[in-house]
>>> print(open('query.pdb').read())   # PDB, C-alpha atoms
ATOM      1  CA  MET A 598     -68.865-103.892  49.196
ATOM      2  CA  GLY A 599     -69.643-102.056  45.936
ATOM      3  CA  ASP A 600     -72.468 -99.586  45.402
ATOM      4  CA  ALA A 601     -74.577-102.209  43.634
ATOM      5  CA  ALA A 602     -74.402-104.486  46.667
ATOM      6  CA  ARG A 603     -75.459-101.689  49.062
ATOM      7  CA  HIS A 604     -78.363-100.255  47.101
ATOM      8  CA  VAL A 605     -81.435-101.493  45.349
ATOM      9  CA  LEU A 606     -81.020-100.812  41.663
ATOM     10  CA  PRO A 607     -84.110-100.097  39.590
ATOM     11  CA  VAL A 608     -84.326-102.088  36.375
ATOM     12  CA  ALA A 609     -86.593-101.525  33.407
ATOM     13  CA  ASN A 610     -87.048-105.208  32.592
ATOM     14  CA  LEU A 611     -86.618-107.882  35.237
ATOM     15  CA  ARG A 612     -86.257-110.692  32.715
ATOM     16  CA  GLU A 613     -83.415-108.886  30.916
ATOM     17  CA  PHE A 614     -81.757-108.153  34.274
ATOM     18  CA  PHE A 615     -81.757-111.843  35.221
ATOM     19  CA  ARG A 616     -80.590-112.883  31.741
ATOM     20  CA  ASP A 617     -77.674-110.428  31.847
ATOM     21  CA  THR A 618     -76.800-111.364  35.429
ATOM     22  CA  LEU A 619     -76.903-115.100  34.687
ATOM     23  CA  HIS A 620     -74.835-114.640  31.546
ATOM     24  CA  GLY A 621     -72.241-112.642  33.518
ATOM     25  CA  ALA A 622     -72.073-115.325  36.209
ATOM     26  CA  LEU A 623     -71.609-118.062  33.602
ATOM     27  CA  VAL A 624     -68.792-116.113  31.967
ATOM     28  CA  ARG A 625     -67.062-115.463  35.321
ATOM     29  CA  GLN A 626     -67.319-119.173  36.201
ATOM     30  CA  HIS A 627     -66.184-120.240  32.708
ATOM     31  CA  LEU A 628     -69.358-122.280  32.247
ATOM     32  CA  ALA A 629     -71.489-122.860  29.199
ATOM     33  CA  VAL A 630     -75.095-124.034  29.222
ATOM     34  CA  GLU A 631     -77.619-124.782  26.520
ATOM     35  CA  ASP A 632     -79.815-121.857  25.477
ATOM     36  CA  GLN A 633     -82.939-123.608  26.749
ATOM     37  CA  THR A 634     -81.328-124.095  30.163
ATOM     38  CA  GLU A 635     -80.529-120.399  30.322
ATOM     39  CA  HIS A 636     -84.109-119.541  29.285
ATOM     40  CA  TYR A 637     -85.524-121.874  31.931
ATOM     41  CA  VAL A 638     -83.421-120.408  34.743
ATOM     42  CA  VAL A 639     -84.152-116.818  33.689
ATOM     43  CA  ASN A 640     -87.888-117.557  33.532
ATOM     44  CA  LEU A 641     -87.738-119.242  36.934
ATOM     45  CA  LEU A 642     -85.922-116.304  38.538
ATOM     46  CA  THR A 643     -88.366-113.859  36.994
ATOM     47  CA  LEU A 644     -91.362-115.893  38.107
ATOM     48  CA  PHE A 645     -90.140-116.310  41.697
ATOM     49  CA  ALA A 646     -89.326-112.611  41.954
ATOM     50  CA  ARG A 647     -93.037-112.422  42.799
ATOM     51  CA  SER A 648     -93.428-113.863  46.287
ATOM     52  CA  GLU A 649     -96.909-115.231  45.576
ATOM     53  CA  ALA A 650     -95.389-117.488  42.911
ATOM     54  CA  LEU A 651     -92.928-119.012  45.387
ATOM     55  CA  TYR A 652     -94.955-119.090  48.582
ATOM     56  CA  GLU A 653     -98.379-120.616  49.161
ATOM     57  CA  SER A 654    -101.253-118.951  50.926
ATOM     58  CA  THR A 655    -102.087-120.521  54.297
ATOM     59  CA  PRO A 656    -104.264-119.363  57.212
ATOM     60  CA  GLU A 657    -101.023-118.109  58.806
ATOM     61  CA  GLY A 658    -100.080-116.109  55.709
ATOM     62  CA  LEU A 659     -97.698-116.836  52.841
ATOM     63  CA  ARG A 660     -95.508-119.851  53.618
ATOM     64  CA  LEU A 661     -93.039-121.981  51.743
ATOM     65  CA  LYS A 662     -94.293-125.566  51.683
ATOM     66  CA  PRO A 663     -91.658-128.009  52.992
ATOM     67  CA  LEU A 664     -89.884-129.928  50.227
ATOM     68  CA  ALA A 665     -90.825-133.241  51.847
ATOM     69  CA  ALA A 666     -94.511-132.277  51.614
ATOM     70  CA  MET A 667     -94.042-131.395  47.935
ATOM     71  CA  LEU A 668     -92.421-134.789  47.364
ATOM     72  CA  CYS A 669     -95.344-136.536  49.083
ATOM     73  CA  GLU A 670     -97.792-134.736  46.779
ATOM     74  CA  ALA A 671     -95.806-135.847  43.746
ATOM     75  CA  LEU A 672     -95.625-139.453  44.925
ATOM     76  CA  GLU A 673     -99.351-139.541  45.709
ATOM     77  CA  ALA A 674    -100.240-138.449  42.170
ATOM     78  CA  ALA A 675    -100.643-141.224  39.618
ATOM     79  CA  PRO A 676     -97.411-142.008  37.724
ATOM     80  CA  GLY A 677     -97.103-140.419  34.296
ATOM     81  CA  THR A 678     -99.922-137.925  34.841
ATOM     82  CA  ALA A 679     -99.840-134.192  34.274
ATOM     83  CA  GLU A 680    -100.544-133.742  37.985
ATOM     84  CA  ARG A 681     -97.415-135.686  38.994
ATOM     85  CA  HIS A 682     -95.341-133.787  36.439
ATOM     86  CA  ARG A 683     -96.562-130.452  37.839
ATOM     87  CA  TYR A 684     -95.689-131.499  41.392
ATOM     88  CA  LEU A 685     -92.229-132.738  40.353
ATOM     89  CA  GLN A 686     -91.560-129.580  38.357
ATOM     90  CA  ARG A 687     -92.639-127.398  41.296
ATOM     91  CA  LEU A 688     -90.407-129.372  43.689
ATOM     92  CA  GLY A 689     -87.438-129.093  41.332
ATOM     93  CA  ASP A 690     -88.022-125.402  40.665
ATOM     94  CA  VAL A 691     -88.407-124.433  44.326
ATOM     95  CA  SER A 692     -85.351-126.503  45.312
ATOM     96  CA  LEU A 693     -83.240-124.967  42.544
ATOM     97  CA  PHE A 694     -84.320-121.448  43.420
ATOM     98  CA  ILE A 695     -83.789-121.788  47.173
ATOM     99  CA  ALA A 696     -80.422-123.558  46.827
ATOM    100  CA  GLY A 697     -79.161-121.064  44.272
ATOM    101  CA  PHE A 698     -80.560-117.843  45.633
ATOM    102  CA  PHE A 699     -80.201-118.430  49.374
ATOM    103  CA  ALA A 700     -77.122-120.673  49.530
ATOM    104  CA  HIS A 701     -75.387-118.381  52.025
ATOM    105  CA  GLY A 702     -78.218-118.829  54.553
ATOM    106  CA  PHE A 703     -77.702-122.578  54.979
ATOM    107  CA  ALA A 704     -74.546-122.312  57.080
ATOM    108  CA  THR A 705     -76.474-122.066  60.354
ATOM    109  CA  ARG A 706     -79.496-124.190  59.474
ATOM    110  CA  LEU A 707     -80.285-127.788  60.304
ATOM    111  CA  ILE A 708     -81.369-128.529  56.732
ATOM    112  CA  ASP A 709     -78.453-127.699  54.484
ATOM    113  CA  ILE A 710     -78.026-126.870  50.834
ATOM    114  CA  ASP A 711     -77.241-130.504  49.970
ATOM    115  CA  TYR A 712     -80.795-131.455  50.961
ATOM    116  CA  HIS A 713     -82.253-128.872  48.573
ATOM    117  CA  ILE A 714     -79.915-129.927  45.783
ATOM    118  CA  ALA A 715     -80.745-133.618  46.294
ATOM    119  CA  MET A 716     -84.519-133.016  46.412
ATOM    120  CA  GLY A 717     -84.434-130.854  43.300
ATOM    121  CA  GLY A 718     -82.154-133.261  41.476
ATOM    122  CA  CYS A 719     -84.402-136.209  42.272
ATOM    123  CA  ALA A 720     -87.504-134.309  41.167
ATOM    124  CA  TYR A 721     -85.982-133.163  37.880
ATOM    125  CA  GLY A 722     -84.494-136.637  37.325
ATOM    126  CA  ALA A 723     -87.861-138.333  37.826
ATOM    127  CA  LEU A 724     -89.509-135.789  35.550
ATOM    128  CA  ALA A 725     -86.854-136.332  32.878
ATOM    129  CA  GLN A 726     -87.233-140.110  33.047
ATOM    130  CA  SER A 727     -90.981-139.840  32.814
ATOM    131  CA  THR A 728     -90.933-137.498  29.839
ATOM    132  CA  ALA A 729     -88.140-139.425  28.098
ATOM    133  CA  ARG A 730     -90.428-142.424  27.750
ATOM    134  CA  GLY A 731     -92.185-141.495  24.521
ATOM    135  CA  ARG A 732     -92.034-137.777  25.214
ATOM    136  CA  GLY A 733     -88.523-136.870  24.145
ATOM    137  CA  ARG A 734     -89.849-134.002  22.075
ATOM    138  CA  VAL A 735     -90.982-131.968  25.112
ATOM    139  CA  LEU A 736     -87.856-129.860  25.146
ATOM    140  CA  ARG A 737     -88.211-129.023  21.466
ATOM    141  CA  LEU A 738     -91.855-128.182  22.032
ATOM    142  CA  TYR A 739     -90.858-125.904  24.921
ATOM    143  CA  GLU A 740     -88.299-124.174  22.669
ATOM    144  CA  ILE A 741     -90.966-123.585  20.032
ATOM    145  CA  TRP A 742     -93.298-122.157  22.659
ATOM    146  CA  LEU A 743     -90.534-119.867  24.004
ATOM    147  CA  LYS A 744     -89.758-118.507  20.540
ATOM    148  CA  THR A 745     -93.267-118.224  19.117
ATOM    149  CA  GLY A 746     -95.704-118.147  21.992
ATOM    150  CA  SER A 747     -97.765-120.720  20.103
ATOM    151  CA  ALA A 748    -101.048-121.485  21.855
ATOM    152  CA  ARG A 749    -100.954-124.976  20.327
ATOM    153  CA  SER A 750     -97.476-125.666  21.769
ATOM    154  CA  TYR A 751     -98.598-124.290  25.121
ATOM    155  CA  ALA A 752    -101.634-126.598  25.189
ATOM    156  CA  ARG A 753     -99.525-129.629  24.222
ATOM    157  CA  LEU A 754     -96.994-128.853  26.960
ATOM    158  CA  LYS A 755     -99.794-128.596  29.528
ATOM    159  CA  ARG A 756    -101.200-131.962  28.377
ATOM    160  CA  LEU A 757     -97.730-133.482  28.808
ATOM    161  CA  GLY A 758     -97.568-132.185  32.377
ATOM    162  CA  VAL A 759     -95.138-129.327  31.755
ATOM    163  CA  ASP A 760     -96.327-126.015  33.105
ATOM    164  CA  PRO A 761     -94.651-123.380  30.937
ATOM    165  CA  THR A 762     -94.567-119.943  32.461
ATOM    166  CA  THR A 763     -94.317-116.587  30.832
ATOM    167  CA  ALA A 764     -91.943-114.333  32.659
ATOM    168  CA  ALA A 765     -92.406-110.632  33.094
ATOM    169  CA  GLY A 766     -91.448-108.804  29.956
ATOM    170  CA  THR A 767     -92.634-111.449  27.515
ATOM    171  CA  ALA A 768     -95.542-110.623  25.306
ATOM    172  CA  PHE A 769     -97.107-113.998  24.569
ATOM    173  CA  THR A 770    -100.849-114.209  24.279
ATOM    174  CA  HIS A 771    -102.525-117.512  24.956
TER     175      HIS A 771
END
>>> encode(input="query.pdb", output="structure tokens")
Amino acid sequence: MGDAARHVLPVANLREFFRDTLHGALVRQHLAVEDQTEHYVVNLLTLFARSEALYESTPEGLRLKPLAAMLCEALEAAPGTAERHRYLQRLGDVSLFIAGFFAHGFATRLIDIDYHIAMGGCAYGALAQSTARGRGRVLRLYEIWLKTGSARSYARLKRLGVDPTTAAGTAFTH
């Protein structure tokens, strides 16, 4: 085990750390992804580095809502609404994060990594289908928002049911 694996390393900018780490992993795995995919994953990692963004406050303390409960919330929301899109995005994001970040912990658990991958894949797939119907420009709008921090783009994304997040280290003002 190397020194980096045994010690907590301080970093000046968490977003840059995740971007560099993701880029290194992609290179080692000989994978290429679209820039917007890389941005999304880096923003997600940065966001969920704060436990209050991943967990929900309950009377028993911070807890991770079960994926099945998240799916029920999404299915109970009216189709095509911003509320359903937010629930589907949250389900996909939490599934992706847990499956990717804690994959090693599934070996001894009843619910395995395939469950998380399937739930996240279904959520993102449903969200993609929903936004593809007349909303194919969402990704371009998200790219514009990432690059410019445009308040107008941000508001349009929110109306379309996409909840863009600013990660630590970004200086957008809305």
>>> atom_distance(input="query.pdb", atom1="CA of Leu724 in chain A", atom2="CA of Ala671 in chain A")
10.3 Å
>>> atom_distance(input="query.pdb", atom1="CA of Ser692 in chain A", atom2="CA of Ile714 in chain A")
6.4 Å
>>> closest_residue(input="query.pdb", among="A:Leu642, A:Val624, A:Ala720, A:Leu619", to="Cys669 in chain A", atoms="all atoms listed in the file")
A:Ala720
>>> closest_residue(input="query.pdb", among="A:Val691, A:Cys719, A:Ala622, A:Val638", to="Glu653 in chain A", atoms="all atoms listed in the file")
A:Val691
>>> atom_distance(input="query.pdb", atom1="CA of Phe699 in chain A", atom2="CA of Ala650 in chain A")
16.5 Å
>>> closest_residue(input="query.pdb", among="A:Ala646, A:Ala700, A:Ala629, A:Leu623", to="Leu611 in chain A", atoms="all atoms listed in the file")
A:Ala646
>>> residues_around(input="query.pdb", residues="Lys755 in chain A", least_positions_apart="3", cutoff="10 Å", atoms="all atoms listed in the file", output="list in words")
Ala679, Glu680, His682, Arg683, Arg749, Ser750, Tyr751, Ala752, Gly758, Val759, Asp760 and Pro761 of chain A
>>> residues_around(input="query.pdb", residues="range 661-667 of chain A", least_positions_apart="6", cutoff="8 Å", atoms="all atoms listed in the file", output="PyMOL selection string")
chain A and resi 651-653+684-685+687-688+692+713+716
>>> axis_aligned_box(input="query.pdb", around="range 674-678 of chain A", padding_each_side="6 Å", output="lines of an AutoDock Vina configuration file")
center_x = -98.9
center_y = -140.0
center_z = 38.2
size_x = 15.5
size_y = 16.1
size_z = 19.9
>>> resolve_selection(input="query.pdb", expression="the PyMOL selection byres ((chain A and resi 616) around 10)", output="list in words")
Leu611, Arg612, Glu613, Phe614, Phe615, Asp617, Thr618, Leu619, His620, Gly621, Ala622, Glu635, His636, Val638, Val639, Asn640, Leu642 and Thr643 of chain A
>>> decode(input="query.pdb", residues="range 608-627 of chain A", atoms="N, CA, C and O atoms", output="mmCIF file, in the first residue's frame")
data_model
loop_
_atom_site.group_PDB
_atom_site.id
_atom_site.type_symbol
_atom_site.label_atom_id
_atom_site.label_comp_id
_atom_site.auth_asym_id
_atom_site.auth_seq_id
_atom_site.Cartn_x
_atom_site.Cartn_y
_atom_site.Cartn_z
ATOM 1 N N VAL A 608 -5.794 18.710 -0.081
ATOM 2 C CA VAL A 608 -5.835 19.249 -1.435
ATOM 3 C C VAL A 608 -6.362 20.671 -1.375
ATOM 4 O O VAL A 608 -7.204 20.992 -0.545
ATOM 5 N N ALA A 609 -5.856 21.500 -2.264
ATOM 6 C CA ALA A 609 -6.267 22.907 -2.275
ATOM 7 C C ALA A 609 -7.643 23.086 -2.900
ATOM 8 O O ALA A 609 -8.404 23.957 -2.508
ATOM 9 N N ASN A 610 -7.958 22.254 -3.890
ATOM 10 C CA ASN A 610 -9.222 22.400 -4.607
ATOM 11 C C ASN A 610 -9.792 21.014 -4.865
ATOM 12 O O ASN A 610 -9.240 20.249 -5.653
ATOM 13 N N LEU A 611 -10.894 20.709 -4.207
ATOM 14 C CA LEU A 611 -11.484 19.379 -4.298
ATOM 15 C C LEU A 611 -11.939 19.051 -5.714
ATOM 16 O O LEU A 611 -11.754 17.930 -6.199
ATOM 17 N N ARG A 612 -12.491 20.018 -6.399
ATOM 18 C CA ARG A 612 -12.961 19.799 -7.767
ATOM 19 C C ARG A 612 -11.798 19.415 -8.678
ATOM 20 O O ARG A 612 -11.891 18.477 -9.467
ATOM 21 N N GLU A 613 -10.685 20.133 -8.565
ATOM 22 C CA GLU A 613 -9.501 19.813 -9.379
ATOM 23 C C GLU A 613 -8.952 18.434 -9.023
ATOM 24 O O GLU A 613 -8.516 17.690 -9.897
ATOM 25 N N PHE A 614 -8.971 18.086 -7.735
ATOM 26 C CA PHE A 614 -8.522 16.765 -7.302
ATOM 27 C C PHE A 614 -9.339 15.675 -7.982
ATOM 28 O O PHE A 614 -8.791 14.722 -8.536
ATOM 29 N N PHE A 615 -10.675 15.798 -7.938
ATOM 30 C CA PHE A 615 -11.521 14.785 -8.565
ATOM 31 C C PHE A 615 -11.336 14.761 -10.080
ATOM 32 O O PHE A 615 -11.341 13.691 -10.687
ATOM 33 N N ARG A 616 -11.189 15.924 -10.699
ATOM 34 C CA ARG A 616 -10.972 15.967 -12.151
ATOM 35 C C ARG A 616 -9.674 15.245 -12.515
ATOM 36 O O ARG A 616 -9.653 14.409 -13.419
ATOM 37 N N ASP A 617 -8.599 15.543 -11.801
ATOM 38 C CA ASP A 617 -7.312 14.900 -12.076
ATOM 39 C C ASP A 617 -7.367 13.400 -11.803
ATOM 40 O O ASP A 617 -6.830 12.601 -12.574
ATOM 41 N N THR A 618 -8.025 13.019 -10.717
ATOM 42 C CA THR A 618 -8.136 11.602 -10.369
ATOM 43 C C THR A 618 -8.970 10.845 -11.402
ATOM 44 O O THR A 618 -8.601 9.743 -11.832
ATOM 45 N N LEU A 619 -10.094 11.427 -11.810
ATOM 46 C CA LEU A 619 -10.929 10.798 -12.832
ATOM 47 C C LEU A 619 -10.169 10.675 -14.145
ATOM 48 O O LEU A 619 -10.188 9.617 -14.783
ATOM 49 N N HIS A 620 -9.498 11.748 -14.526
ATOM 50 C CA HIS A 620 -8.736 11.717 -15.782
ATOM 51 C C HIS A 620 -7.666 10.619 -15.731
ATOM 52 O O HIS A 620 -7.508 9.855 -16.691
ATOM 53 N N GLY A 621 -6.975 10.504 -14.604
ATOM 54 C CA GLY A 621 -5.961 9.448 -14.455
ATOM 55 C C GLY A 621 -6.563 8.059 -14.559
ATOM 56 O O GLY A 621 -5.996 7.166 -15.199
ATOM 57 N N ALA A 622 -7.726 7.870 -13.942
ATOM 58 C CA ALA A 622 -8.399 6.564 -14.002
ATOM 59 C C ALA A 622 -8.828 6.238 -15.433
ATOM 60 O O ALA A 622 -8.698 5.094 -15.887
ATOM 61 N N LEU A 623 -9.327 7.226 -16.148
ATOM 62 C CA LEU A 623 -9.741 7.001 -17.538
ATOM 63 C C LEU A 623 -8.543 6.621 -18.406
ATOM 64 O O LEU A 623 -8.646 5.722 -19.247
ATOM 65 N N VAL A 624 -7.434 7.278 -18.180
ATOM 66 C CA VAL A 624 -6.216 6.974 -18.945
ATOM 67 C C VAL A 624 -5.751 5.553 -18.638
ATOM 68 O O VAL A 624 -5.443 4.771 -19.544
ATOM 69 N N ARG A 625 -5.695 5.195 -17.334
ATOM 70 C CA ARG A 625 -5.255 3.851 -16.946
ATOM 71 C C ARG A 625 -6.162 2.767 -17.516
ATOM 72 O O ARG A 625 -5.716 1.675 -17.830
ATOM 73 N N GLN A 626 -7.460 3.056 -17.637
ATOM 74 C CA GLN A 626 -8.417 2.075 -18.156
ATOM 75 C C GLN A 626 -8.571 2.146 -19.675
ATOM 76 O O GLN A 626 -9.364 1.409 -20.246
ATOM 77 N N HIS A 627 -7.832 3.069 -20.295
ATOM 78 C CA HIS A 627 -7.905 3.277 -21.750
ATOM 79 C C HIS A 627 -9.337 3.588 -22.192
ATOM 80 O O HIS A 627 -9.848 3.026 -23.161
#
